[in-house]
Structures are given as structure tokens and as C-alpha cells.
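**Q** What follows is the file structure_17.csv, containing CSV, C-alpha atoms:
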chain,number,residue,atom,x,y,z
A,30,MET,CA,42.5,25.4,-41.5
A,31,LYS,CA,42.0,27.0,-38.1
A,32,ARG,CA,38.4,27.0,-37.0
A,33,VAL,CA,36.8,30.5,-36.8
A,34,ARG,CA,35.6,31.3,-33.2
A,35,ARG,CA,32.3,33.2,-33.1
A,36,ARG,CA,30.3,35.1,-30.7
A,37,TYR,CA,26.5,35.7,-30.6
A,38,LEU,CA,25.2,39.1,-29.5
A,39,ALA,CA,21.7,39.6,-28.2
A,40,LEU,CA,20.5,43.1,-28.9
A,41,GLU,CA,17.8,45.4,-27.8
A,42,ILE,CA,16.6,48.1,-30.2
A,43,ASP,CA,15.5,51.0,-28.1
A,44,SER,CA,13.1,53.2,-30.2
A,45,GLU,CA,9.5,54.3,-30.4
A,46,ALA,CA,9.5,53.1,-34.0
A,47,VAL,CA,9.8,49.6,-35.4
A,48,PHE,CA,12.2,48.8,-38.2
A,49,SER,CA,12.5,46.0,-40.8
A,50,SER,CA,15.5,43.6,-40.5
A,51,THR,CA,16.9,45.1,-43.7
A,52,ASP,CA,16.8,48.7,-42.3
A,53,PHE,CA,18.3,47.5,-39.1
A,54,MET,CA,21.2,45.6,-40.8
A,55,ASP,CA,21.8,48.6,-43.1
A,56,ALA,CA,22.2,50.7,-40.0
A,57,VAL,CA,24.6,48.2,-38.4
A,58,TYR,CA,26.7,47.8,-41.6
A,59,GLY,CA,26.6,51.6,-42.0
A,60,ALA,CA,28.0,52.1,-38.5
A,61,VAL,CA,30.7,49.5,-38.9
A,62,LEU,CA,31.7,50.9,-42.3
A,63,LYS,CA,31.9,54.5,-41.0
A,64,LEU,CA,34.1,53.5,-38.1
A,65,TYR,CA,36.4,50.8,-39.5
A,66,GLY,CA,36.0,51.0,-43.3
A,67,GLU,CA,35.4,48.1,-45.7
A,68,TYR,CA,38.6,46.2,-44.6
A,69,GLY,CA,37.5,46.4,-40.9
A,70,ALA,CA,33.9,45.4,-41.8
A,71,SER,CA,35.2,42.3,-43.6
A,72,GLN,CA,36.9,41.1,-40.4
A,73,THR,CA,33.7,41.3,-38.3
A,74,GLY,CA,31.9,38.4,-40.0
A,75,LEU,CA,28.5,40.0,-39.3
A,76,VAL,CA,25.5,37.9,-39.8
A,77,LEU,CA,21.9,38.5,-38.6
A,78,ILE,CA,20.7,35.3,-37.0
A,79,GLY,CA,17.4,36.4,-35.6
A,80,TYR,CA,15.2,39.4,-35.6
A,81,GLU,CA,11.9,40.0,-33.7
A,82,MET,CA,10.5,43.3,-35.0
A,83,GLU,CA,7.7,43.6,-32.4
A,84,GLN,CA,9.9,42.7,-29.5
A,85,CYS,CA,12.7,45.0,-30.7
A,86,PHE,CA,15.2,42.1,-30.3
A,87,ALA,CA,17.9,40.9,-32.6
A,88,VAL,CA,20.7,38.3,-32.5
A,89,LEU,CA,23.9,38.9,-34.5
A,90,ARG,CA,26.8,36.6,-35.1
A,91,VAL,CA,30.3,38.1,-35.2
A,92,ALA,CA,33.8,36.9,-35.3
A,93,HIS,CA,35.3,36.4,-31.8
A,94,VAL,CA,38.1,38.9,-32.4
A,95,ALA,CA,35.6,41.6,-33.6
A,96,VAL,CA,33.2,41.7,-30.6
A,97,GLU,CA,34.6,45.0,-29.2
A,98,MET,CA,34.6,46.5,-32.7
A,99,VAL,CA,31.0,45.6,-33.3
A,100,ARG,CA,30.0,46.8,-29.8
A,101,ALA,CA,31.6,50.2,-30.4
A,102,ALA,CA,29.9,50.4,-33.8
A,103,LEU,CA,26.5,49.5,-32.4
A,104,ALA,CA,27.0,52.2,-29.7
A,105,THR,CA,27.4,54.8,-32.4
A,106,ILE,CA,24.0,54.1,-34.0
A,107,THR,CA,21.8,57.0,-33.1
A,108,ARG,CA,19.3,57.0,-36.0
A,109,ILE,CA,17.7,54.6,-38.4
A,110,GLY,CA,16.2,56.6,-41.2
A,111,ASP,CA,15.0,59.7,-39.4
A,112,LYS,CA,14.0,58.0,-36.2
A,113,PRO,CA,16.2,58.3,-33.1
A,114,VAL,CA,17.3,54.9,-31.8
A,115,ALA,CA,19.8,53.3,-29.4
A,116,VAL,CA,21.0,49.7,-29.8
A,117,HIS,CA,22.1,48.0,-26.5
A,118,VAL,CA,23.9,44.7,-26.1
A,119,LEU,CA,21.9,42.5,-23.7
A,120,ALA,CA,24.3,39.5,-23.7
A,121,VAL,CA,27.3,38.0,-25.5
A,122,SER,CA,27.8,34.3,-25.7
A,123,GLY,CA,29.7,31.6,-27.6
A,124,THR,CA,26.6,29.5,-28.4
A,125,LEU,CA,23.0,30.3,-29.3
A,126,LYS,CA,21.8,27.9,-26.6
A,127,ALA,CA,23.7,29.8,-23.9
A,128,LEU,CA,22.6,33.1,-25.3
A,129,ARG,CA,18.9,32.0,-25.0
A,130,THR,CA,19.5,30.9,-21.4
A,131,LYS,CA,21.1,34.3,-20.6
A,132,THR,CA,18.4,36.4,-22.2
A,133,GLY,CA,15.5,34.1,-21.4
A,134,LYS,CA,14.2,34.6,-25.0
B,11,MET,CA,34.1,41.7,-6.9
B,12,LYS,CA,31.3,43.2,-9.0
B,13,ARG,CA,32.1,46.6,-10.5
B,14,LEU,CA,30.0,49.6,-9.6
B,15,TYR,CA,29.4,51.7,-12.7
B,16,ALA,CA,29.2,55.5,-12.7
B,17,ASP,CA,28.2,58.1,-15.2
B,18,LEU,CA,29.3,61.5,-13.8
B,19,HIS,CA,28.1,63.7,-16.6
B,20,LEU,CA,24.4,63.6,-17.3
B,21,CYS,CA,23.0,66.9,-18.5
B,22,PRO,CA,19.2,66.8,-18.4
B,23,ASN,CA,17.4,70.1,-18.0
B,24,VAL,CA,17.0,70.1,-14.2
B,25,ILE,CA,14.1,72.6,-14.4
B,26,ASP,CA,12.2,70.0,-16.4
B,27,LYS,CA,11.5,67.5,-13.6
B,28,LYS,CA,9.9,64.9,-15.9
B,29,GLN,CA,13.0,64.8,-18.2
B,30,THR,CA,15.3,64.6,-15.2
B,31,ALA,CA,13.4,61.7,-13.6
B,32,GLN,CA,13.4,59.9,-17.0
B,33,ALA,CA,17.1,60.3,-17.4
B,34,ILE,CA,17.7,59.0,-13.8
B,35,ALA,CA,15.4,56.0,-14.4
B,36,LYS,CA,17.2,55.3,-17.7
B,37,ALA,CA,20.6,55.5,-16.1
B,38,SER,CA,19.4,53.0,-13.5
B,39,SER,CA,18.0,50.6,-16.1
B,40,LEU,CA,21.3,50.7,-18.1
B,41,GLY,CA,23.2,49.5,-15.0
B,42,TYR,CA,24.7,52.6,-13.5
B,43,ARG,CA,24.7,52.8,-9.7
B,44,LEU,CA,26.3,56.2,-9.3
B,45,ILE,CA,25.3,59.3,-11.4
B,46,ALA,CA,26.1,63.0,-11.3
B,47,ILE,CA,24.0,65.6,-13.0
B,48,SER,CA,25.5,68.9,-14.1
B,49,LEU,CA,23.7,71.6,-12.1
B,50,PRO,CA,23.4,75.3,-12.6
B,51,LEU,CA,25.6,77.5,-10.4
B,52,LYS,CA,22.5,78.9,-8.6
B,53,THR,CA,21.2,75.5,-7.5
B,54,GLU,CA,19.8,75.5,-4.0
B,55,ASP,CA,20.4,72.8,-1.4
B,56,ARG,CA,16.6,72.0,-1.5
B,57,GLU,CA,16.9,71.1,-5.2
B,58,ILE,CA,19.9,68.9,-4.6
B,59,LYS,CA,18.0,67.1,-1.9
B,60,GLU,CA,15.1,66.6,-4.3
B,61,LEU,CA,17.4,65.1,-6.9
B,62,GLN,CA,18.9,62.8,-4.3
B,63,SER,CA,15.5,61.5,-3.3
B,64,PHE,CA,14.6,61.0,-7.0
B,65,CYS,CA,17.8,58.9,-7.4
B,66,LYS,CA,17.2,57.0,-4.2
B,67,THR,CA,13.8,55.9,-5.5
B,68,ALA,CA,15.4,54.8,-8.8
B,69,GLY,CA,18.1,52.9,-6.9
B,70,VAL,CA,21.1,55.0,-7.8
B,71,ASP,CA,23.5,57.1,-5.8
B,72,PHE,CA,23.6,60.8,-6.7
B,73,ALA,CA,26.6,63.1,-6.7
B,74,SER,CA,26.1,66.9,-7.1
B,75,ARG,CA,28.3,68.5,-9.8
B,76,ILE,CA,28.9,71.8,-11.4
B,77,ASP,CA,30.7,72.7,-14.6
B,78,LEU,CA,32.7,75.9,-14.4
B,79,ARG,CA,33.5,77.8,-17.6
B,80,PRO,CA,35.7,80.6,-16.4
B,81,ARG,CA,37.3,83.0,-18.9
B,82,THR,CA,40.3,83.8,-16.7
B,83,PRO,CA,42.3,82.0,-14.0
B,84,ASP,CA,41.1,84.6,-11.5
B,85,GLU,CA,37.5,83.9,-12.2
B,86,LEU,CA,38.2,80.2,-11.8
B,87,LEU,CA,39.8,80.8,-8.3
B,88,LYS,CA,36.8,83.0,-7.3
B,89,ASN,CA,34.4,80.3,-8.3
B,90,LEU,CA,36.3,77.5,-6.6
B,91,ARG,CA,36.3,79.5,-3.3
B,92,ARG,CA,32.6,79.9,-3.7
B,93,PHE,CA,31.5,76.4,-4.8
B,94,ARG,CA,34.0,73.9,-3.5
B,95,ARG,CA,32.2,73.2,-0.2
B,96,LYS,CA,28.8,73.1,-1.9
B,97,PHE,CA,29.2,70.5,-4.6
B,98,GLU,CA,30.7,67.0,-4.6
B,99,ILE,CA,32.3,67.3,-8.0
B,100,ILE,CA,33.8,70.3,-9.7
B,101,ALA,CA,34.5,70.1,-13.4
B,102,VAL,CA,36.3,72.8,-15.3
B,103,VAL,CA,35.6,73.2,-19.0
B,104,CYS,CA,39.0,74.5,-20.3
B,105,GLU,CA,38.5,76.9,-23.1
B,106,SER,CA,41.7,78.7,-22.8
B,107,LYS,CA,45.3,77.7,-22.0
B,108,ASN,CA,45.6,80.0,-18.9
B,109,VAL,CA,42.5,78.5,-17.4
B,110,ALA,CA,43.5,75.0,-18.3
B,111,ARG,CA,46.9,75.4,-16.5
B,112,GLN,CA,45.3,76.9,-13.4
B,113,ALA,CA,42.7,74.2,-13.3
B,114,ALA,CA,45.3,71.4,-13.7
B,115,LYS,CA,47.3,72.6,-10.7
B,116,ASP,CA,44.5,73.4,-8.3
B,117,ARG,CA,43.7,70.6,-5.9
B,118,ARG,CA,40.1,71.7,-5.6
B,119,VAL,CA,39.4,70.8,-9.3
B,120,ASP,CA,38.2,67.2,-9.8
B,121,LEU,CA,37.6,67.0,-13.6
B,122,LEU,CA,39.3,68.6,-16.5
B,123,ASN,CA,37.1,68.7,-19.6
B,124,TYR,CA,38.4,69.8,-23.0
B,125,PRO,CA,35.5,70.5,-25.3
B,126,SER,CA,37.4,71.2,-28.5
B,127,PRO,CA,37.8,68.3,-30.9
B,128,ASP,CA,41.0,69.8,-32.3
B,129,TYR,CA,44.1,68.6,-30.5
B,130,ARG,CA,45.9,71.9,-31.1
B,131,LYS,CA,43.2,73.6,-29.0
B,132,SER,CA,42.7,70.9,-26.4
B,133,PHE,CA,45.5,72.1,-24.1
B,134,PHE,CA,46.0,68.6,-22.5
B,135,ASP,CA,49.7,68.2,-23.3
B,136,GLU,CA,52.6,66.9,-21.2
B,137,ALA,CA,52.9,70.1,-19.1
B,138,GLU,CA,49.2,70.0,-18.3
B,139,ALA,CA,49.3,66.3,-17.5
B,140,GLY,CA,52.3,66.8,-15.2
B,141,LEU,CA,50.4,69.5,-13.2
B,142,ALA,CA,47.2,67.3,-13.2
B,143,SER,CA,49.0,64.3,-11.9
B,144,ASN,CA,50.2,66.2,-8.9
B,145,SER,CA,46.8,67.7,-8.1
B,146,LEU,CA,44.7,64.5,-8.3
B,147,ALA,CA,42.5,66.0,-11.1
B,148,SER,CA,41.2,63.5,-13.7
B,149,LEU,CA,40.8,63.8,-17.4
B,150,GLU,CA,37.1,63.6,-18.4
B,151,ILE,CA,36.1,62.3,-21.8
B,152,ASP,CA,32.5,62.8,-22.9
B,153,THR,CA,31.3,60.2,-25.5
B,154,LYS,CA,28.5,62.5,-26.7
B,155,SER,CA,30.7,64.0,-29.5
B,156,LEU,CA,31.7,60.5,-30.6
B,157,LEU,CA,28.1,59.7,-31.2
B,158,THR,CA,26.9,62.9,-32.7
B,159,LEU,CA,29.8,63.9,-34.9
B,160,GLU,CA,30.4,62.3,-38.3
B,161,GLY,CA,33.1,62.2,-41.0
B,162,ARG,CA,36.0,64.5,-40.8
B,163,ALA,CA,35.0,66.1,-37.4
B,164,ARG,CA,34.9,62.6,-35.8
B,165,ILE,CA,38.2,61.6,-37.3
B,166,LYS,CA,39.8,64.7,-35.8
B,167,LEU,CA,38.1,64.1,-32.5
B,168,MET,CA,39.3,60.4,-32.3
B,169,SER,CA,42.9,61.5,-33.2
B,170,SER,CA,42.8,64.1,-30.5
B,171,LEU,CA,41.4,61.8,-27.9
B,172,ARG,CA,44.1,59.2,-28.8
B,173,LYS,CA,46.8,61.7,-28.1
B,174,GLU,CA,45.2,62.9,-24.9
B,175,THR,CA,44.7,59.4,-23.4
B,176,ALA,CA,48.3,58.5,-24.3
B,177,VAL,CA,49.6,61.6,-22.4
B,178,ALA,CA,47.2,60.9,-19.5
B,179,ARG,CA,48.5,57.3,-19.2
B,180,GLN,CA,52.1,58.4,-19.4
B,181,PHE,CA,51.6,60.8,-16.5
B,182,HIS,CA,49.2,58.5,-14.5
B,183,VAL,CA,46.3,61.0,-14.7
B,184,PRO,CA,43.1,59.0,-14.1
B,185,ILE,CA,40.7,59.0,-17.1
B,186,ILE,CA,37.0,59.2,-16.5
B,187,ILE,CA,34.6,58.4,-19.4
B,188,SER,CA,31.2,60.0,-19.1
B,189,SER,CA,28.2,60.3,-21.5
B,190,GLY,CA,27.7,64.1,-21.3
B,191,VAL,CA,24.3,63.8,-22.9
B,192,SER,CA,20.9,65.3,-22.2
B,193,ASP,CA,19.0,63.0,-24.6
B,194,GLU,CA,18.0,59.6,-23.3
B,195,LYS,CA,18.5,58.0,-26.6
B,196,LEU,CA,22.2,58.9,-26.5
B,197,MET,CA,22.7,57.2,-23.2
B,198,ARG,CA,24.7,54.0,-23.4
B,199,LYS,CA,25.5,51.0,-21.1
B,200,PRO,CA,28.8,51.1,-19.2
B,201,ALA,CA,30.2,48.3,-21.3
B,202,GLU,CA,29.3,50.2,-24.5
B,203,LEU,CA,31.1,53.3,-23.2
B,204,ALA,CA,34.1,51.2,-22.5
B,205,SER,CA,33.9,49.8,-26.1
B,206,LEU,CA,33.9,53.3,-27.5
B,207,ALA,CA,37.1,53.9,-25.6
B,208,SER,CA,38.8,51.3,-27.9
B,209,LEU,CA,38.4,54.0,-30.6
B,210,PHE,CA,41.1,56.0,-28.8
B,211,ASN,CA,43.3,53.1,-28.0
B,212,LEU,CA,42.3,52.6,-24.4
B,213,ASN,CA,42.5,48.9,-23.5
B,214,GLN,CA,39.5,47.1,-22.1
B,215,ALA,CA,40.7,47.0,-18.5
B,216,SER,CA,41.5,50.7,-18.4
B,217,ALA,CA,38.3,51.6,-20.2
B,218,LEU,CA,36.3,49.7,-17.6
B,219,ASP,CA,38.2,51.4,-14.8
B,220,ALA,CA,37.3,54.7,-16.5
B,221,VAL,CA,33.6,54.0,-16.0
B,222,SER,CA,33.8,52.4,-12.6
B,223,THR,CA,36.9,52.4,-10.4
B,224,ASN,CA,38.1,55.9,-11.2
B,225,PRO,CA,34.8,57.9,-10.9
B,226,VAL,CA,33.7,55.9,-7.8
B,227,ALA,CA,37.1,56.5,-6.1
B,228,MET,CA,36.9,60.2,-6.9
B,229,VAL,CA,33.4,60.7,-5.4
B,230,LYS,CA,34.3,58.7,-2.3
B,231,ARG,CA,37.4,60.8,-1.7
B,232,ASN,CA,35.4,64.0,-2.1
B,233,ARG,CA,32.6,62.9,0.2
B,234,GLU,CA,35.2,62.1,2.8
B,235,LYS,CA,36.7,65.6,2.4
B,236,LEU,CA,33.3,67.3,2.6
B,237,ASP,CA,32.4,65.5,5.8
B,238,ALA,CA,32.3,67.7,8.8
B,239,ARG,CA,34.7,65.4,10.7
B,240,PHE,CA,37.4,65.6,8.0
B,241,VAL,CA,40.6,67.4,9.0
B,242,ALA,CA,43.2,66.3,6.6
B,243,PRO,CA,43.8,63.1,4.5
B,244,GLY,CA,44.0,60.3,7.2
B,245,ILE,CA,42.9,62.6,10.0
B,246,ARG,CA,39.3,62.7,11.2
B,247,ILE,CA,37.6,64.0,14.3
B,248,ILE,CA,36.2,61.0,16.1
B,249,ARG,CA,35.1,62.6,19.4
B,250,GLY,CA,34.4,66.1,20.5
B,251,GLY,CA,33.7,67.8,23.9
B,252,LYS,CA,35.3,69.5,26.9
B,253,ASP,CA,37.2,66.4,28.1
B,254,CYS,CA,39.1,65.9,24.8
Using C-alpha cells, write down the structure from this file.
**A**
Amino acid sequence: MKRVRRRYLALEIDSEAVFSSTDFMDAVYGAVLKLYGEYGASQTGLVLIGYEMEQCFAVLRVAHVAVEMVRAALATITRIGDKPVAVHVLAVSGTLKALRTKTGK
Amino acid sequence: MKRLYADLHLCPNVIDKKQTAQAIAKASSLGYRLIAISLPLKTEDREIKELQSFCKTAGVDFASRIDLRPRTPDELLKNLRRFRRKFEIIAVVCESKNVARQAAKDRRVDLLNYPSPDYRKSFFDEAEAGLASNSLASLEIDTKSLLTLEGRARIKLMSSLRKETAVARQFHVPIIISSGVSDEKLMRKPAELASLASLFNLNQASALDAVSTNPVAMVKRNREKLDARFVAPGIRIIRGGKDC
């Protein structure tokens, strides 16, 4: 079976409020589902690898072919609950080690 | 070579200096090096200079812009005569077919903006694109509606944008992607704007051009034209005096 290539995305959550990892992932899945539907969402292979609530920083793992889909979906997140929010991609990398080097976190 | 990113449609309330300064600082932190703020028609040169100095402090280049919303082609022509030499970018918000056609064929218009999410009312069809390709006008797409609309309205919008971009590419009309937002939280990084373009079938290279190469080239061309030494494309006054 062909090995699935993956990418790691370092994210900055830009908001005055702080959110739990569940709320954050609900918002991410909600955005992916709204834009691409359940079939599209199943192709993204979304997994939350790390989440630092206080630093507003998260790391997601996605399928290599779905990076642009996830980027677009993340860009459409404007609210979590009733709090305005923007999610920015800080870096994309093929390994967690390289991602840490790029972001310095 | 590293790309220079531009967002040519920021809409903070320019009367509110704090909000404007925050928007400029945010644009700079997101990685933009050229921004344009939509200014009211009665903006004075002093206010433009003040914004330029704000931007210089934040490390971004500033281009002055106005959005014309004429109701008739005559009103558009009158406004173009009045404002073309004053602003670096002139965008026309096309709300009727007559205005859209006049704007597309006039060489003084830089950006064509179609606010309606319904393709039947967007007026950017083959005829319009043909006129625009001869006049150097670009198609401007604001991502604000993609972020704020939901459900059926967004579906219609994406469908409409898909048709418009296909027509623009067929007729080689440059596409410019801007944010069109007044709220800082709706501002996105250039790569994120480019990703949103995948929703209307623009490939990654074209999408990146739409947030960097195309807007930068347009501003450069206009600045050259507004220069006092400009005579015609390729002709500039290099020396003046009695002995020339």
C-alpha cells in the first residue's frame, strides 16, 4: 500500500478570548465540512497534534494533498462560539522537527 | 525572487485614526508590503500624506485609492475627469450594465469590482472581458464576502466567481484578489487569500500572482503615469530648459 504523505501546519489563533482544544477542533471541522462536505473532510486526514491554549498556538496534521483545502477552510473561520477569531498558518512542514525549527516553538 | 504582497482594498474608517493605524500595522504584520485604503471622494492631499507617513512607519508602501459608484456612464466620466490625477488607483463598483461597460472600456479605470454575488447581475461576461482586456483594467475580487456569507449565498457567490475568473483568464484580464474588509479579524495572510482562490478554481500560481505580481505591476504603472515627467508610455521628459 502506498505510504500516505502528510504535512504539519503550525497555527496561530488570533483572538482576545482563549478556547479549549475541543472548541478549536469543532470550529476547524465545521469550516472544512461547510466548504467541502463530509466526503472532502474525509480526505483531509485532520488530526490535532498539539495545542497550547495560553500561547494561542496549535499544530495540525493533514494529508499532503489536502493542504490547500485546509488552508482555505482555516481562512474562513471568523468565529468560535460568539467570539471573533482569525486562524493564521505560521508554517507548513513535512516533519514535526522541521516545523519546530521553522516556528521556534 | 521573493514576492512582494499587496492588499489593494482595505476599508478602515479613515476618520478613526486609531482604527486606521491598527489596520495598517496588522497588514504589515501579516506580510503585506503594499496596501491601498479606500478613501472618501473629498479626501485632501494632507490626509493622504498623513496616511503615507503612518504606512512608512509600519514598513508598508501606501497607494491612494477611491471607489467610484456612479449611477450612469456620464457620472462615471465626470468623476474620472475629476479624480484620475489625484488618486493612484481608481476602482469602479459596477452596479448597472451601462456603467460596467463604460468602466471596462475606459483606460482611466484600474479595477472593476462587481459586488453582486449573483452571476446574472455581475455583468462580467465575455463582452465586458473583451473591453477590459483592451483597456488594461483588472478584475478585483474581494474575499470579504467569502468569509462573511454562509450557506446558499456563499454557494452562489463561489459559482459566480468561478465563472468570472474563467472568463477573465480566457480574455487575459488580470485578476487582483483583495480583502475588502474594515475589521482586523477578517484580514488574512497573502497565502491564505491565495488558498481561498482555490474555491473558484484559480490555480496556486495564478492566485499568488493575483495577490502580488498583478497589483504591484498596476500600482507601478500608475505611479509612472502620474509622474510629472511622464509623456506617454515609453516617453519621459529627462531634461528641461531653454537649450533643449
**Q** Please find the residues of chain A near chain B - the criterion being any atom within 9 Å, counting all atoms listed in the file - and write them as a list in words.
**A**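 So the residues of chain A near chain B are Asp43, Ser44, Lys63, Leu64, Glu97, Met98, Val99, Arg100, Ala101, Ala102, Leu103, Ala104, Thr105, Ile106, Thr107, Pro113, Val114, Ala115, Val116, His117 and Val118 of chain A.
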**Q** Residues near Val102 (chain B), anyone? I mean within 9 Å using only C-alpha atoms, not counting same-chain ones fewer than 5 positions away, as a list in words.
**A**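 Using only C-alpha atoms, the neighbours found are Ile76, Asp77, Leu78, Arg79, Pro80, Leu86, Val109, Ala110, Ala113, Val119, Asp120, Leu121, Leu122, Asn123 and Tyr124 of chain B.
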**Q** Rank B:Arg172, B:Val70, B:Arg231, B:Leu218 by their smallest atom-to-atom distance to Ala147 (chain B), using all atoms listed in the file, and report the top residue only.
**A**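 Ranking B:Arg172, B:Val70, B:Arg231, B:Leu218 by distance to Ala147 (chain B), first place goes to B:Arg231.
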**Q** Do you know which residues lie at most 6 Å from (23.8, 41.3, -38.0), with coordinates as in the file and only C-alpha atoms counted, and could you write them as a PyMOL selection string?
**A** chain A and resi 54+75-77+89
**Q** Taking all atoms of region 113-123 of chain B that the file lists and extending 3 Å past them on each side, where is the centre of the axis-aligned box and how long are its edges? Answer in Å to one decimal, as JSON.
**A**
{"center_x": 42.2, "center_y": 70.6, "center_z": -12.6, "size_x": 16.2, "size_y": 13.2, "size_z": 20.0}
**Q** For CA of Lys166 (chain B) and CA of Ala92 (chain A), quote the distance in Å rounded to one decimal.
**A** 28.4 Å
**Q** Can you measure CA of Pro127 (chain B) to CA of Val103 (chain B) for me? One decimal in Å is fine.
**A** 13.1 Å
**Q** Between CA of Phe133 (chain B) and CA of Lys88 (chain B), what is the spacing in Å?
**A**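 Computing the Euclidean distance for CA of Lys88 (chain B) and CA of Phe133 (chain B) yields 21.8 Å.
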**Q** Excluding Gly41 (chain B) and residues on its chain fewer than 3 positions from it, collect all residues at most 7 Å away from it, counting only C-alpha atoms, and give them as a list in words.
**A**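 Non-adjacent residues within range: Tyr15, Ala37, Ser38 and Lys199 of chain B.
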**Q** Could you give me, as a PDB file with C-alpha atoms, in the frame of the given file, the residues within 10 Å of Lys131 (chain B), counting only C-alpha atoms and dropping anything in the same chain fewer than 3 positions from it?
**A**
ATOM      1  CA  CYS B 104      39.000  74.500 -20.300  1.00  0.00           C
ATOM      2  CA  GLU B 105      38.500  76.900 -23.100  1.00  0.00           C
ATOM      3  CA  SER B 106      41.700  78.700 -22.800  1.00  0.00           C
ATOM      4  CA  LYS B 107      45.300  77.700 -22.000  1.00  0.00           C
ATOM      5  CA  TYR B 124      38.400  69.800 -23.000  1.00  0.00           C
ATOM      6  CA  PRO B 125      35.500  70.500 -25.300  1.00  0.00           C
ATOM      7  CA  SER B 126      37.400  71.200 -28.500  1.00  0.00           C
ATOM      8  CA  PRO B 127      37.800  68.300 -30.900  1.00  0.00           C
ATOM      9  CA  ASP B 128      41.000  69.800 -32.300  1.00  0.00           C
ATOM     10  CA  PHE B 134      46.000  68.600 -22.500  1.00  0.00           C
ATOM     11  CA  SER B 170      42.800  64.100 -30.500  1.00  0.00           C
TER      12      SER B 170
END
**Q** Within 9 Å of Tyr80 (chain A), counting all atoms listed in the file, which residues show up once you throw out same-chain ones fewer than 3 positions away? Write them as a PyMOL selection string, please.
**A** chain A and resi 49-50+77+84-89
**Q** Can I get the selection written as a CSV table (one decimal), in the coordinates of the input, with C-alpha atoms?
**A**
chain,number,residue,atom,x,y,z
A,49,SER,CA,12.5,46.0,-40.8
A,50,SER,CA,15.5,43.6,-40.5
A,77,LEU,CA,21.9,38.5,-38.6
A,84,GLN,CA,9.9,42.7,-29.5
A,85,CYS,CA,12.7,45.0,-30.7
A,86,PHE,CA,15.2,42.1,-30.3
A,87,ALA,CA,17.9,40.9,-32.6
A,88,VAL,CA,20.7,38.3,-32.5
A,89,LEU,CA,23.9,38.9,-34.5
**Q** Can you pull out every residue within 10 Å of Asp219 (chain B), counting all atoms listed in the file, but drop anything in the same chain fewer than 4 positions away, and send it as a PyMOL selection string?
**A** chain B and resi 13-15+184-187+204+214-215+223-226
